[in-house]
file upload_23.txt (compact mmCIF, C-alpha atoms and all ligand atoms)
# COMPACT_ATOMS: atom_id res chain seq x y z
CA MET A 1 0.00 0.00 0.00
CA ASN A 2 1.28 3.46 -0.82
CA GLU A 3 1.14 6.90 0.74
CA PHE A 4 -2.16 7.78 -0.98
CA TYR A 5 -3.87 4.80 0.53
CA GLU A 6 -2.92 6.06 3.99
CA LYS A 7 -3.76 9.65 3.09
CA VAL A 8 -7.30 8.83 1.97
CA LYS A 9 -7.95 6.47 4.87
CA ASP A 10 -6.72 9.08 7.37
CA CYS A 11 -8.77 11.81 5.73
CA TYR A 12 -11.88 9.60 5.72
CA ASN A 13 -11.35 8.72 9.35
CA ASP A 14 -10.77 12.35 10.39
CA TYR A 15 -13.96 13.58 8.74
CA PHE A 16 -16.31 10.68 9.28
CA ASP A 17 -14.91 9.08 12.39
CA ARG A 18 -15.27 5.46 11.27
CA THR A 19 -13.75 2.94 8.90
CA GLU A 20 -14.93 3.02 5.29
CA GLU A 21 -17.09 0.32 3.70
CA VAL A 22 -15.30 0.44 0.34
CA PHE A 23 -11.89 1.55 -0.86
CA ILE A 24 -11.35 1.95 -4.62
CA PHE A 25 -8.67 3.15 -7.03
CA ALA A 26 -9.51 4.47 -10.50
CA PRO A 27 -6.66 5.05 -12.96
CA GLY A 28 -5.70 8.17 -14.87
CA ARG A 29 -4.70 7.79 -18.50
CA VAL A 30 -2.34 8.78 -21.27
CA ASN A 31 -3.01 8.64 -24.95
CA LEU A 32 -0.03 6.77 -26.41
CA ILE A 33 -0.62 7.86 -29.99
CA GLY A 34 -3.45 9.14 -32.20
CA GLU A 35 -3.46 12.75 -31.06
CA HIS A 36 -5.94 15.41 -32.21
CA ILE A 37 -7.74 12.94 -34.44
CA ASP A 38 -10.62 11.96 -32.19
CA TYR A 39 -12.69 14.68 -33.87
CA ASN A 40 -11.61 13.54 -37.35
CA GLY A 41 -13.09 10.05 -37.09
CA GLY A 42 -9.66 8.67 -36.20
CA LYS A 43 -8.56 6.01 -33.78
CA VAL A 44 -6.84 6.69 -30.48
CA LEU A 45 -4.63 4.41 -28.39
CA PRO A 46 -4.82 5.29 -24.71
CA CYS A 47 -3.81 3.18 -21.69
CA SER A 48 -4.83 3.37 -18.05
CA LEU A 49 -2.15 4.20 -15.49
CA SER A 50 -1.00 3.26 -12.03
CA VAL A 51 -1.45 6.92 -11.07
CA GLY A 52 -5.06 7.95 -10.54
CA THR A 53 -7.62 8.68 -7.84
CA TYR A 54 -8.21 6.83 -4.58
CA GLY A 55 -11.49 6.92 -2.71
CA ALA A 56 -12.82 5.64 0.64
CA ALA A 57 -16.60 5.66 1.08
CA SER A 58 -19.61 4.37 2.98
CA LYS A 59 -23.38 4.53 2.63
CA ARG A 60 -25.34 6.86 4.90
CA LYS A 61 -28.80 6.16 6.22
CA ASP A 62 -29.77 9.85 6.56
CA GLY A 63 -29.73 10.64 2.82
CA ARG A 64 -26.89 13.16 3.13
CA ILE A 65 -23.94 13.30 0.76
CA LEU A 66 -20.62 14.36 2.32
CA LEU A 67 -17.57 14.73 0.12
CA VAL A 68 -14.00 15.75 0.87
CA SER A 69 -10.76 15.82 -1.11
CA ALA A 70 -7.57 15.28 0.87
CA ASP A 71 -5.73 17.24 -1.81
CA PHE A 72 -6.71 20.77 -0.86
CA SER A 73 -8.18 22.59 2.10
CA GLY A 74 -11.73 23.92 2.00
CA SER A 75 -12.85 21.02 -0.19
CA TYR A 76 -15.51 19.65 2.18
CA ILE A 77 -19.01 19.70 0.67
CA GLU A 78 -22.34 18.68 2.18
CA THR A 79 -25.59 18.13 0.34
CA GLU A 80 -28.43 15.60 0.12
CA ALA A 81 -29.43 12.92 -2.34
CA ASP A 82 -32.90 14.51 -2.62
CA VAL A 83 -31.36 17.90 -3.42
CA ILE A 84 -29.31 16.44 -6.29
CA GLU A 85 -32.40 14.63 -7.56
CA GLU A 86 -34.23 17.95 -7.81
CA LEU A 87 -31.39 19.90 -9.50
CA LYS A 88 -31.34 20.41 -13.24
CA ASP A 89 -28.36 18.78 -14.95
CA GLU A 90 -26.73 22.00 -16.04
CA PRO A 91 -23.49 23.73 -14.97
CA GLU A 92 -25.30 26.60 -13.22
CA SER A 93 -26.92 24.14 -10.78
CA PHE A 94 -23.62 22.45 -9.94
CA GLU A 95 -21.31 25.45 -9.97
CA ALA A 96 -21.50 26.08 -6.23
CA PHE A 97 -20.15 22.58 -5.51
CA GLY A 98 -16.73 23.37 -7.02
CA TRP A 99 -14.66 20.19 -7.55
CA ALA A 100 -17.58 18.10 -6.22
CA ALA A 101 -19.56 18.92 -9.39
CA TYR A 102 -17.75 15.89 -10.88
CA PRO A 103 -18.84 13.24 -8.33
CA LEU A 104 -22.25 14.89 -7.85
CA GLY A 105 -22.73 15.10 -11.63
CA VAL A 106 -22.11 11.36 -11.83
CA PHE A 107 -24.61 10.83 -9.00
CA LYS A 108 -27.17 12.89 -10.91
CA LYS A 109 -26.63 11.04 -14.18
CA LEU A 110 -27.01 7.67 -12.43
CA LEU A 111 -30.30 8.85 -10.91
CA MET A 112 -31.47 10.03 -14.34
CA ARG A 113 -30.85 6.51 -15.68
CA GLY A 114 -33.08 5.07 -12.97
CA PHE A 115 -30.41 3.69 -10.63
CA LYS A 116 -31.54 3.66 -6.99
CA LEU A 117 -29.09 5.59 -4.81
CA GLY A 118 -29.06 7.14 -1.36
CA GLY A 119 -26.81 9.15 0.91
CA PHE A 120 -23.08 8.43 1.07
CA GLU A 121 -19.82 9.91 2.27
CA MET A 122 -16.51 9.80 0.42
CA ALA A 123 -12.94 11.00 0.82
CA VAL A 124 -10.70 11.13 -2.28
CA SER A 125 -7.10 11.88 -3.20
CA GLY A 126 -5.27 11.82 -6.53
CA SER A 127 -1.72 10.64 -7.27
CA LEU A 128 -1.74 12.39 -10.64
CA PRO A 129 -1.41 16.12 -11.28
CA ARG A 130 -4.76 17.87 -11.72
CA GLY A 131 -5.42 19.90 -14.84
CA SER A 132 -2.38 18.56 -16.73
CA GLY A 133 -3.97 16.31 -19.29
CA LEU A 134 -3.78 12.98 -17.44
CA SER A 135 -7.54 13.08 -16.93
CA SER A 136 -7.84 13.53 -13.20
CA SER A 137 -11.44 14.59 -13.91
CA ALA A 138 -12.35 11.34 -15.71
CA SER A 139 -10.50 9.36 -13.05
CA LEU A 140 -12.59 11.04 -10.33
CA GLU A 141 -15.83 10.39 -12.26
CA ILE A 142 -15.04 6.72 -12.85
CA LEU A 143 -13.98 6.36 -9.21
CA THR A 144 -17.39 7.73 -8.21
CA CYS A 145 -19.18 5.31 -10.54
CA ALA A 146 -17.22 2.38 -9.07
CA VAL A 147 -17.84 3.51 -5.49
CA LEU A 148 -21.58 3.93 -6.04
CA LYS A 149 -21.78 0.64 -7.90
CA LYS A 150 -20.26 -1.17 -4.93
CA LEU A 151 -22.14 0.70 -2.20
CA PHE A 152 -25.57 0.41 -3.83
CA ARG A 153 -24.98 -2.87 -5.72
CA LEU A 154 -25.71 -1.34 -9.10
CA GLU A 155 -25.81 -3.30 -12.35
CA LEU A 156 -23.40 -0.87 -13.99
CA ASP A 157 -20.92 -1.81 -16.70
CA GLY A 158 -17.82 0.15 -17.74
CA VAL A 159 -19.14 1.44 -21.06
CA THR A 160 -22.30 2.83 -19.43
CA ALA A 161 -20.18 4.31 -16.64
CA SER A 162 -17.96 6.07 -19.18
CA VAL A 163 -20.88 7.42 -21.22
CA LEU A 164 -22.71 8.82 -18.19
CA SER A 165 -19.44 10.27 -16.85
CA VAL A 166 -18.91 12.20 -20.08
CA GLU A 167 -22.45 13.50 -19.75
CA ALA A 168 -21.74 14.51 -16.14
CA GLU A 169 -18.56 16.33 -17.15
CA ARG A 170 -20.30 18.09 -20.02
CA ASP A 171 -23.67 18.91 -18.49
CA CYS A 172 -22.88 19.31 -14.78
CA ALA A 173 -19.22 20.39 -14.66
CA GLY A 174 -19.59 22.39 -17.90
CA VAL A 175 -16.49 20.96 -19.63
CA ASN A 176 -16.98 19.94 -23.23
CA CYS A 177 -15.02 16.73 -23.76
CA GLY A 178 -14.94 13.61 -25.93
CA ILE A 179 -15.42 10.02 -24.76
CA MET A 180 -11.79 8.82 -24.77
CA ASP A 181 -10.81 9.80 -21.23
CA GLN A 182 -13.73 8.29 -19.40
CA PHE A 183 -13.69 5.22 -21.62
CA ILE A 184 -10.08 4.32 -20.90
CA CYS A 185 -10.35 5.14 -17.19
CA ALA A 186 -13.29 2.74 -16.99
CA MET A 187 -12.16 0.02 -19.39
CA GLY A 188 -8.35 0.05 -19.27
CA LYS A 189 -6.36 -3.00 -18.20
CA LYS A 190 -2.86 -3.67 -16.98
CA ASP A 191 -0.44 -4.45 -19.84
CA LYS A 192 -2.99 -3.33 -22.44
CA ALA A 193 -3.80 -0.27 -24.46
CA ILE A 194 -7.19 0.22 -26.10
CA LEU A 195 -7.57 0.99 -29.78
CA LEU A 196 -10.75 3.03 -29.67
CA ASP A 197 -12.75 4.28 -32.61
CA THR A 198 -14.07 7.50 -31.13
CA SER A 199 -16.93 7.80 -33.59
CA THR A 200 -18.41 4.30 -33.17
CA LEU A 201 -17.03 3.34 -29.71
CA GLU A 202 -15.80 0.08 -31.23
CA TYR A 203 -12.70 -0.94 -29.35
CA GLU A 204 -10.11 -3.64 -29.05
CA TYR A 205 -7.42 -4.39 -26.48
CA THR A 206 -3.83 -4.35 -27.72
CA PRO A 207 -0.93 -5.77 -25.73
CA PHE A 208 1.15 -3.01 -24.18
CA ILE A 209 3.74 -4.98 -22.30
CA LEU A 210 6.69 -2.84 -21.39
CA LYS A 211 8.83 -5.53 -19.68
CA ASP A 212 12.23 -3.79 -19.46
CA TYR A 213 10.76 -0.37 -20.20
CA THR A 214 8.77 2.17 -18.29
CA LEU A 215 6.74 5.26 -19.15
CA LEU A 216 7.92 8.59 -17.88
CA ILE A 217 5.11 11.08 -17.51
CA MET A 218 6.62 14.52 -17.83
CA ASN A 219 4.51 17.44 -16.65
CA THR A 220 5.75 20.73 -18.12
CA LYS A 221 3.75 22.62 -15.48
CA LYS A 222 2.86 25.05 -18.24
CA PRO A 223 -0.83 25.95 -18.00
CA ARG A 224 -2.68 24.96 -21.16
CA ARG A 225 -3.98 28.45 -21.69
CA LEU A 226 -3.99 28.50 -25.47
CA ALA A 227 -5.44 25.06 -25.79
CA ASP A 228 -9.12 25.98 -26.06
CA SER A 229 -8.94 28.67 -28.73
CA LYS A 230 -6.42 26.74 -30.83
CA TYR A 231 -8.44 23.57 -30.45
CA ASN A 232 -11.44 25.27 -32.05
CA GLU A 233 -9.24 26.71 -34.79
CA ARG A 234 -7.78 23.26 -35.61
CA ARG A 235 -11.22 21.68 -35.67
CA ALA A 236 -12.39 24.32 -38.13
CA GLU A 237 -9.31 23.78 -40.32
CA CYS A 238 -9.93 20.05 -40.40
CA GLU A 239 -13.59 20.55 -41.31
CA LYS A 240 -12.52 22.86 -44.11
CA ALA A 241 -10.05 20.25 -45.42
CA VAL A 242 -12.52 17.39 -45.47
CA SER A 243 -15.22 19.54 -47.07
CA VAL A 244 -12.83 20.25 -49.97
CA ILE A 245 -10.96 16.99 -50.54
CA GLY A 246 -13.47 14.51 -49.09
CA LYS A 247 -15.86 15.24 -51.98
CA LYS A 248 -13.20 14.65 -54.62
CA LEU A 249 -12.71 11.06 -53.59
CA VAL A 250 -14.83 8.11 -54.59
CA PRO A 251 -16.55 7.07 -52.46
CA GLU A 252 -16.89 10.44 -50.76
CA ARG A 253 -15.14 10.65 -47.39
CA LYS A 254 -16.86 12.32 -44.45
CA ASN A 255 -13.89 12.18 -42.07
CA LEU A 256 -10.27 13.17 -42.64
CA CYS A 257 -9.14 9.94 -41.06
CA ASP A 258 -11.05 7.89 -43.64
CA ILE A 259 -8.64 9.24 -46.25
CA THR A 260 -5.51 7.15 -46.83
CA PRO A 261 -2.09 8.79 -47.20
CA GLU A 262 -2.04 7.80 -50.92
CA GLU A 263 -5.43 9.37 -51.57
CA PHE A 264 -4.38 12.45 -49.66
CA ASP A 265 -1.26 12.91 -51.78
CA ARG A 266 -3.43 12.76 -54.90
CA VAL A 267 -5.81 15.53 -53.87
CA LYS A 268 -3.89 17.68 -51.37
CA GLU A 269 -3.08 20.37 -53.96
CA LEU A 270 -6.72 21.44 -53.73
CA LEU A 271 -5.97 22.77 -50.25
CA LYS A 272 -4.08 25.87 -49.16
CA GLU A 273 -1.61 26.25 -46.30
CA PRO A 274 -1.96 25.93 -43.35
CA VAL A 275 -4.98 23.66 -43.95
CA ILE A 276 -2.85 21.26 -45.98
CA LYS A 277 -0.47 20.67 -43.05
CA ARG A 278 -3.30 20.24 -40.57
CA ALA A 279 -4.94 17.64 -42.79
CA ARG A 280 -1.62 15.88 -43.36
CA HIS A 281 -1.23 15.46 -39.61
CA ALA A 282 -4.67 13.90 -39.24
CA VAL A 283 -4.29 11.54 -42.20
CA TYR A 284 -0.80 10.34 -41.27
CA GLU A 285 -1.39 10.24 -37.50
CA ASN A 286 -4.23 7.79 -38.02
CA GLY A 287 -1.88 5.58 -40.07
CA ARG A 288 0.77 5.83 -37.35
CA THR A 289 -1.73 4.71 -34.73
CA LEU A 290 -2.54 1.59 -36.71
CA ASP A 291 1.19 0.96 -37.30
CA ALA A 292 1.76 1.38 -33.56
CA VAL A 293 -0.83 -1.29 -32.80
CA ARG A 294 0.92 -3.68 -35.19
CA ALA A 295 4.30 -2.88 -33.61
CA LEU A 296 2.92 -3.68 -30.14
CA GLN A 297 1.30 -6.87 -31.38
CA ASN A 298 4.71 -7.90 -32.73
CA GLY A 299 6.45 -6.90 -29.50
CA ASP A 300 8.48 -4.32 -31.43
CA ILE A 301 8.86 -1.62 -28.75
CA ALA A 302 11.67 0.09 -30.69
CA LEU A 303 9.38 0.71 -33.68
CA PHE A 304 6.66 1.87 -31.31
CA GLY A 305 9.16 4.43 -29.94
CA LYS A 306 9.92 5.71 -33.44
CA LEU A 307 6.23 6.15 -34.16
CA ILE A 308 5.65 8.22 -31.04
CA ASP A 309 8.62 10.39 -32.04
CA ALA A 310 7.04 10.90 -35.47
CA SER A 311 3.72 11.75 -33.85
CA HIS A 312 5.31 14.53 -31.81
CA ASP A 313 7.18 15.90 -34.82
CA SER A 314 3.96 16.07 -36.79
CA LEU A 315 2.14 17.79 -33.91
CA ARG A 316 5.02 20.28 -33.71
CA ASP A 317 5.58 21.00 -37.41
CA ASP A 318 2.25 20.34 -39.13
CA TYR A 319 -0.39 20.70 -36.45
CA GLU A 320 1.52 23.35 -34.47
CA VAL A 321 0.13 22.54 -31.04
CA THR A 322 3.31 21.95 -29.02
CA GLY A 323 5.19 25.08 -27.88
CA ILE A 324 8.62 25.64 -26.38
CA GLU A 325 7.96 23.81 -23.10
CA LEU A 326 6.70 20.57 -24.66
CA ASP A 327 9.37 20.66 -27.38
CA THR A 328 12.11 21.25 -24.82
CA ILE A 329 11.03 18.41 -22.55
CA VAL A 330 10.64 16.02 -25.49
CA GLU A 331 14.08 16.93 -26.92
CA ALA A 332 15.66 16.56 -23.48
CA ALA A 333 14.08 13.12 -23.12
CA ARG A 334 15.18 11.97 -26.56
CA ALA A 335 18.79 12.89 -25.73
CA GLN A 336 18.87 10.47 -22.79
CA LYS A 337 20.35 6.98 -22.77
CA GLY A 338 17.73 4.24 -23.00
CA VAL A 339 14.93 6.46 -24.34
CA LEU A 340 13.10 4.91 -27.31
CA GLY A 341 10.73 7.78 -28.05
CA ALA A 342 8.97 10.81 -26.60
CA ARG A 343 5.95 12.91 -27.48
CA MET A 344 3.46 15.39 -26.13
CA THR A 345 0.14 13.90 -25.09
CA GLY A 346 -3.27 15.55 -24.75
CA ALA A 347 -4.39 18.86 -26.20
CA GLY A 348 -0.93 20.44 -26.31
CA PHE A 349 0.44 23.94 -25.59
CA GLY A 350 1.45 22.67 -22.14
CA GLY A 351 0.38 19.80 -19.93
CA CYS A 352 2.25 16.51 -20.21
CA ALA A 353 4.56 14.59 -22.50
CA ILE A 354 5.53 10.92 -22.28
CA ALA A 355 8.81 9.12 -22.85
CA LEU A 356 9.43 5.42 -23.21
CA VAL A 357 12.65 4.54 -21.39
CA GLU A 358 14.60 1.47 -20.34
CA LYS A 359 13.86 0.71 -16.68
CA GLU A 360 17.50 0.72 -15.67
CA SER A 361 18.13 4.14 -17.25
CA ALA A 362 14.88 5.74 -16.03
CA GLU A 363 16.17 7.34 -12.82
CA GLU A 364 19.19 8.90 -14.54
CA ALA A 365 17.05 10.08 -17.48
CA LYS A 366 14.52 11.64 -15.11
CA LYS A 367 17.22 13.63 -13.28
CA ASN A 368 18.82 14.85 -16.50
CA ILE A 369 15.53 15.90 -18.08
CA GLU A 370 14.58 17.80 -14.93
CA ARG A 371 17.92 19.62 -14.96
CA ILE A 372 17.83 20.50 -18.68
CA TYR A 373 14.22 21.68 -18.47
CA LYS A 374 14.98 23.95 -15.51
CA GLU A 375 18.03 25.41 -17.31
CA LYS A 376 16.14 26.13 -20.53
CA ILE A 377 12.65 27.05 -19.29
CA GLY A 378 13.47 28.58 -15.93
CA TYR A 379 11.14 26.57 -13.69
CA ASP A 380 10.77 22.97 -12.57
CA CYS A 381 8.92 20.25 -14.40
CA GLU A 382 7.56 17.19 -12.61
CA ILE A 383 8.41 13.71 -13.82
CA MET A 384 7.02 10.42 -12.60
CA LYS A 385 7.25 6.82 -13.61
CA ALA A 386 4.03 5.06 -14.39
CA GLU A 387 2.90 1.58 -15.29
CA THR A 388 -0.34 0.45 -16.87
CA PHE A 389 -3.07 -0.50 -14.41
CA ASP A 390 -6.49 -2.19 -14.20
CA SER A 391 -9.60 -0.08 -14.06
CA PRO A 392 -12.20 -1.06 -11.44
CA PHE A 393 -14.68 -1.95 -14.22
CA ALA A 394 -12.26 -4.11 -16.19
CA VAL A 395 -11.45 -6.70 -13.53
P1 LIG B 401 -7.44 16.94 -16.13
O1 LIG B 401 -8.64 16.07 -16.28
O2 LIG B 401 -6.60 17.03 -17.35
O3 LIG B 401 -6.61 16.59 -14.93
P2 LIG B 401 -9.46 18.94 -15.74
O4 LIG B 401 -9.40 20.40 -15.68
O5 LIG B 401 -10.34 18.28 -16.74
O6 LIG B 401 -7.96 18.42 -15.88
O7 LIG B 401 -9.93 18.37 -14.31
C1 LIG B 401 -9.33 18.81 -13.13
C2 LIG B 401 -10.42 19.08 -12.08
O8 LIG B 401 -10.98 17.82 -11.62
C3 LIG B 401 -9.88 19.72 -10.82
O9 LIG B 401 -9.82 21.12 -10.97
C4 LIG B 401 -10.91 19.29 -9.78
O10 LIG B 401 -12.08 20.07 -9.88
C5 LIG B 401 -11.28 17.89 -10.23
N1 LIG B 401 -10.44 16.88 -9.53
C6 LIG B 401 -9.69 15.93 -10.10
N2 LIG B 401 -9.06 15.19 -9.16
C7 LIG B 401 -9.42 15.66 -7.97
C8 LIG B 401 -9.09 15.33 -6.61
N3 LIG B 401 -8.26 14.34 -6.32
N4 LIG B 401 -9.65 16.07 -5.63
C9 LIG B 401 -10.49 17.07 -5.93
N5 LIG B 401 -10.83 17.45 -7.18
C10 LIG B 401 -10.30 16.75 -8.19
MG MG B 402 -10.24 16.38 -17.64

call {"tool": "encode", "arguments": {"input": "upload_23.txt", "output": "structure tokens"}}
result
Amino acid sequence: MNEFYEKVKDCYNDYFDRTEEVFIFAPGRVNLIGEHIDYNGGKVLPCSLSVGTYGAASKRKDGRILLVSADFSGSYIETEADVIEELKDEPESFEAFGWAAYPLGVFKKLLMRGFKLGGFEMAVSGSLPRGSGLSSSASLEILTCAVLKKLFRLELDGVTASVLSVEAERDCAGVNCGIMDQFICAMGKKDKAILLDTSTLEYEYTPFILKDYTLLIMNTKKPRRLADSKYNERRAECEKAVSVIGKKLVPERKNLCDITPEEFDRVKELLKEPVIKRARHAVYENGRTLDAVRALQNGDIALFGKLIDASHDSLRDDYEVTGIELDTIVEAARAQKGVLGARMTGAGFGGCAIALVEKESAEEAKKNIERIYKEKIGYDCEIMKAETFDSPFAV
């Protein structure tokens, strides 16, 4: 058991003065490859991580809901199951709950699906940085689903949990997000990644067995300020591209990621810069994701490393969503002994990058990257080692 286990148990005990009925861990996630193509009908390849959110909880007979996060002071929230039942599922109704809009949003969405719930109390703590693209929000939502499932003996499967968690995040917390994060936090398994078709929710498990390697999760600590406006701009550029070249192909293609690299090269002259580069990223990134799955199936970790390098380079040069902090941390990682590949992950402009490194070189690499980043950027990054891990719904 680790320090978070103790932290959550102590916090639960301090606030509620008894021992919890259930204790659950829900993983965070990284997307290994397939970046910025979830809105182009592409496939993504995330895995669930050994860093995530821990929760201790019990049912209450009085119908009250008491929630506390051990991660910051002033987090304690009290409400009632009946109050949540009456609220409308919109951000204005949940705003006053702060961070607890995520667990309470999940509670609301379960009620709306007809699940029978009552009062409960829960203490949580996360071992992953919040707001850095490792999906602490989805991890907290899936944790809540798993806790409520166990406390109230719900017939709740992982896919339903992920769909209602996205709805909670969108409608109650007011954050517009796709399905990938919740899906992998709910369905991920140790030593596996999931190839997920974000438009159909078809998915398949792919072996992701690192053996002598480990993943470094490198948090640039740069706030992702630009991410929202640039995200909308990139989406618009991709829509423009597919509206022009999709029609020229037979059969017509509705999504950029349905276009093969060969087809793209035939028709790309119909586009102007920068739209041509944006489209090139989407078309080729989708191909790289499928190549990455084949590499993993063949146990070819070295090729997998090269593909994640290529993904970053495309996000830097063609999609232009990296920035000096992500580029610096990725370059620093690539220069280290035992590193097979490194790339940004998530929306970009800050947040986290990942590196695939030999276990025996990981500690040395971590120290060197931290030093180089501090020298070049002027403040500290945060690097941790992570393994893949089972989600509570996948075991
Ligand atoms: P990300 O999902 O990339 O980490 P988000 O901004 O989507 O970033 O979600 C972060 C928010 O989720 C936090 O601001 C907080 O409201 C909530 N959250 C996540 N983990 C915890 C936690 N352990 N304790 C309290 N709130 C948490
Ligand atoms: Mg999030």

call {"tool": "residues_near_ligand", "arguments": {"input": "upload_23.txt", "ligand": "ligand LIG 401 (chain B)", "cutoff": "8 Å", "atoms": "only C-alpha atoms and all ligand atoms", "output": "PyMOL selection string"}}
result
chain A and resi 53-54+68-72+75+98-102+124-140+175+351

call {"tool": "residues_around", "arguments": {"input": "upload_23.txt", "residues": "range 323-334 of chain A", "least_positions_apart": "5", "cutoff": "7 Å", "atoms": "only C-alpha atoms", "output": "PDB file with C-alpha atoms, keeping the file's coordinate frame"}}
result
ATOM      1  CA  THR A 220       5.750  20.730 -18.120  1.00  0.00           C
ATOM      2  CA  VAL A 339      14.930   6.460 -24.340  1.00  0.00           C
ATOM      3  CA  GLY A 341      10.730   7.780 -28.050  1.00  0.00           C
ATOM      4  CA  ALA A 342       8.970  10.810 -26.600  1.00  0.00           C
ATOM      5  CA  ARG A 343       5.950  12.910 -27.480  1.00  0.00           C
ATOM      6  CA  MET A 344       3.460  15.390 -26.130  1.00  0.00           C
ATOM      7  CA  PHE A 349       0.440  23.940 -25.590  1.00  0.00           C
ATOM      8  CA  GLY A 350       1.450  22.670 -22.140  1.00  0.00           C
ATOM      9  CA  ALA A 353       4.560  14.590 -22.500  1.00  0.00           C
ATOM     10  CA  ALA A 355       8.810   9.120 -22.850  1.00  0.00           C
ATOM     11  CA  ILE A 369      15.530  15.900 -18.080  1.00  0.00           C
ATOM     12  CA  ILE A 372      17.830  20.500 -18.680  1.00  0.00           C
ATOM     13  CA  TYR A 373      14.220  21.680 -18.470  1.00  0.00           C
ATOM     14  CA  ILE A 377      12.650  27.050 -19.290  1.00  0.00           C
TER      15      ILE A 377
END

call {"tool": "closest_residue", "arguments": {"input": "upload_23.txt", "among": "A:Asp171, A:Glu239, A:Asp300, A:Glu141", "to": "ligand MG 402 (chain B)", "atoms": "only C-alpha atoms and all ligand atoms"}}
result
A:Glu141

call {"tool": "residues_around", "arguments": {"input": "upload_23.txt", "residues": "Met180 in chain A", "least_positions_apart": "4", "cutoff": "12 Å", "atoms": "only C-alpha atoms", "output": "ChimeraX atom specification"}}
result
/A:28-31,34-39,42-48,134-135,138-139,159,162-163,165-166,184-188,194-203,346

call {"tool": "write_last_selection", "arguments": {"input": "upload_23.txt", "atoms": "C-alpha atoms", "output": "PDB file, in the coordinates of the input"}}
result
ATOM      1  CA  GLY A  28      -5.700   8.170 -14.870  1.00  0.00           C
ATOM      2  CA  ARG A  29      -4.700   7.790 -18.500  1.00  0.00           C
ATOM      3  CA  VAL A  30      -2.340   8.780 -21.270  1.00  0.00           C
ATOM      4  CA  ASN A  31      -3.010   8.640 -24.950  1.00  0.00           C
ATOM      5  CA  GLY A  34      -3.450   9.140 -32.200  1.00  0.00           C
ATOM      6  CA  GLU A  35      -3.460  12.750 -31.060  1.00  0.00           C
ATOM      7  CA  HIS A  36      -5.940  15.410 -32.210  1.00  0.00           C
ATOM      8  CA  ILE A  37      -7.740  12.940 -34.440  1.00  0.00           C
ATOM      9  CA  ASP A  38     -10.620  11.960 -32.190  1.00  0.00           C
ATOM     10  CA  TYR A  39     -12.690  14.680 -33.870  1.00  0.00           C
ATOM     11  CA  GLY A  42      -9.660   8.670 -36.200  1.00  0.00           C
ATOM     12  CA  LYS A  43      -8.560   6.010 -33.780  1.00  0.00           C
ATOM     13  CA  VAL A  44      -6.840   6.690 -30.480  1.00  0.00           C
ATOM     14  CA  LEU A  45      -4.630   4.410 -28.390  1.00  0.00           C
ATOM     15  CA  PRO A  46      -4.820   5.290 -24.710  1.00  0.00           C
ATOM     16  CA  CYS A  47      -3.810   3.180 -21.690  1.00  0.00           C
ATOM     17  CA  SER A  48      -4.830   3.370 -18.050  1.00  0.00           C
ATOM     18  CA  LEU A 134      -3.780  12.980 -17.440  1.00  0.00           C
ATOM     19  CA  SER A 135      -7.540  13.080 -16.930  1.00  0.00           C
ATOM     20  CA  ALA A 138     -12.350  11.340 -15.710  1.00  0.00           C
ATOM     21  CA  SER A 139     -10.500   9.360 -13.050  1.00  0.00           C
ATOM     22  CA  VAL A 159     -19.140   1.440 -21.060  1.00  0.00           C
ATOM     23  CA  SER A 162     -17.960   6.070 -19.180  1.00  0.00           C
ATOM     24  CA  VAL A 163     -20.880   7.420 -21.220  1.00  0.00           C
ATOM     25  CA  SER A 165     -19.440  10.270 -16.850  1.00  0.00           C
ATOM     26  CA  VAL A 166     -18.910  12.200 -20.080  1.00  0.00           C
ATOM     27  CA  ILE A 184     -10.080   4.320 -20.900  1.00  0.00           C
ATOM     28  CA  CYS A 185     -10.350   5.140 -17.190  1.00  0.00           C
ATOM     29  CA  ALA A 186     -13.290   2.740 -16.990  1.00  0.00           C
ATOM     30  CA  MET A 187     -12.160   0.020 -19.390  1.00  0.00           C
ATOM     31  CA  GLY A 188      -8.350   0.050 -19.270  1.00  0.00           C
ATOM     32  CA  ILE A 194      -7.190   0.220 -26.100  1.00  0.00           C
ATOM     33  CA  LEU A 195      -7.570   0.990 -29.780  1.00  0.00           C
ATOM     34  CA  LEU A 196     -10.750   3.030 -29.670  1.00  0.00           C
ATOM     35  CA  ASP A 197     -12.750   4.280 -32.610  1.00  0.00           C
ATOM     36  CA  THR A 198     -14.070   7.500 -31.130  1.00  0.00           C
ATOM     37  CA  SER A 199     -16.930   7.800 -33.590  1.00  0.00           C
ATOM     38  CA  THR A 200     -18.410   4.300 -33.170  1.00  0.00           C
ATOM     39  CA  LEU A 201     -17.030   3.340 -29.710  1.00  0.00           C
ATOM     40  CA  GLU A 202     -15.800   0.080 -31.230  1.00  0.00           C
ATOM     41  CA  TYR A 203     -12.700  -0.940 -29.350  1.00  0.00           C
ATOM     42  CA  GLY A 346      -3.270  15.550 -24.750  1.00  0.00           C
TER      43      GLY A 346
END

call {"tool": "atom_distance", "arguments": {"input": "upload_23.txt", "atom1": "CA of Lys9 in chain A", "atom2": "CA of Glu21 in chain A"}}
result
11.1 Å

call {"tool": "residues_around", "arguments": {"input": "upload_23.txt", "residues": "Gln297 in chain A", "least_positions_apart": "3", "cutoff": "9 Å", "atoms": "only C-alpha atoms", "output": "mmCIF file with C-alpha atoms, in the frame of the given file"}}
result
data_model
loop_
_atom_site.group_PDB
_atom_site.id
_atom_site.type_symbol
_atom_site.label_atom_id
_atom_site.label_comp_id
_atom_site.auth_asym_id
_atom_site.auth_seq_id
_atom_site.Cartn_x
_atom_site.Cartn_y
_atom_site.Cartn_z
ATOM 1 C CA THR A 206 -3.830 -4.350 -27.720
ATOM 2 C CA PRO A 207 -0.930 -5.770 -25.730
ATOM 3 C CA PHE A 208 1.150 -3.010 -24.180
ATOM 4 C CA ALA A 292 1.760 1.380 -33.560
ATOM 5 C CA VAL A 293 -0.830 -1.290 -32.800
ATOM 6 C CA ARG A 294 0.920 -3.680 -35.190
ATOM 7 C CA ASP A 300 8.480 -4.320 -31.430
#
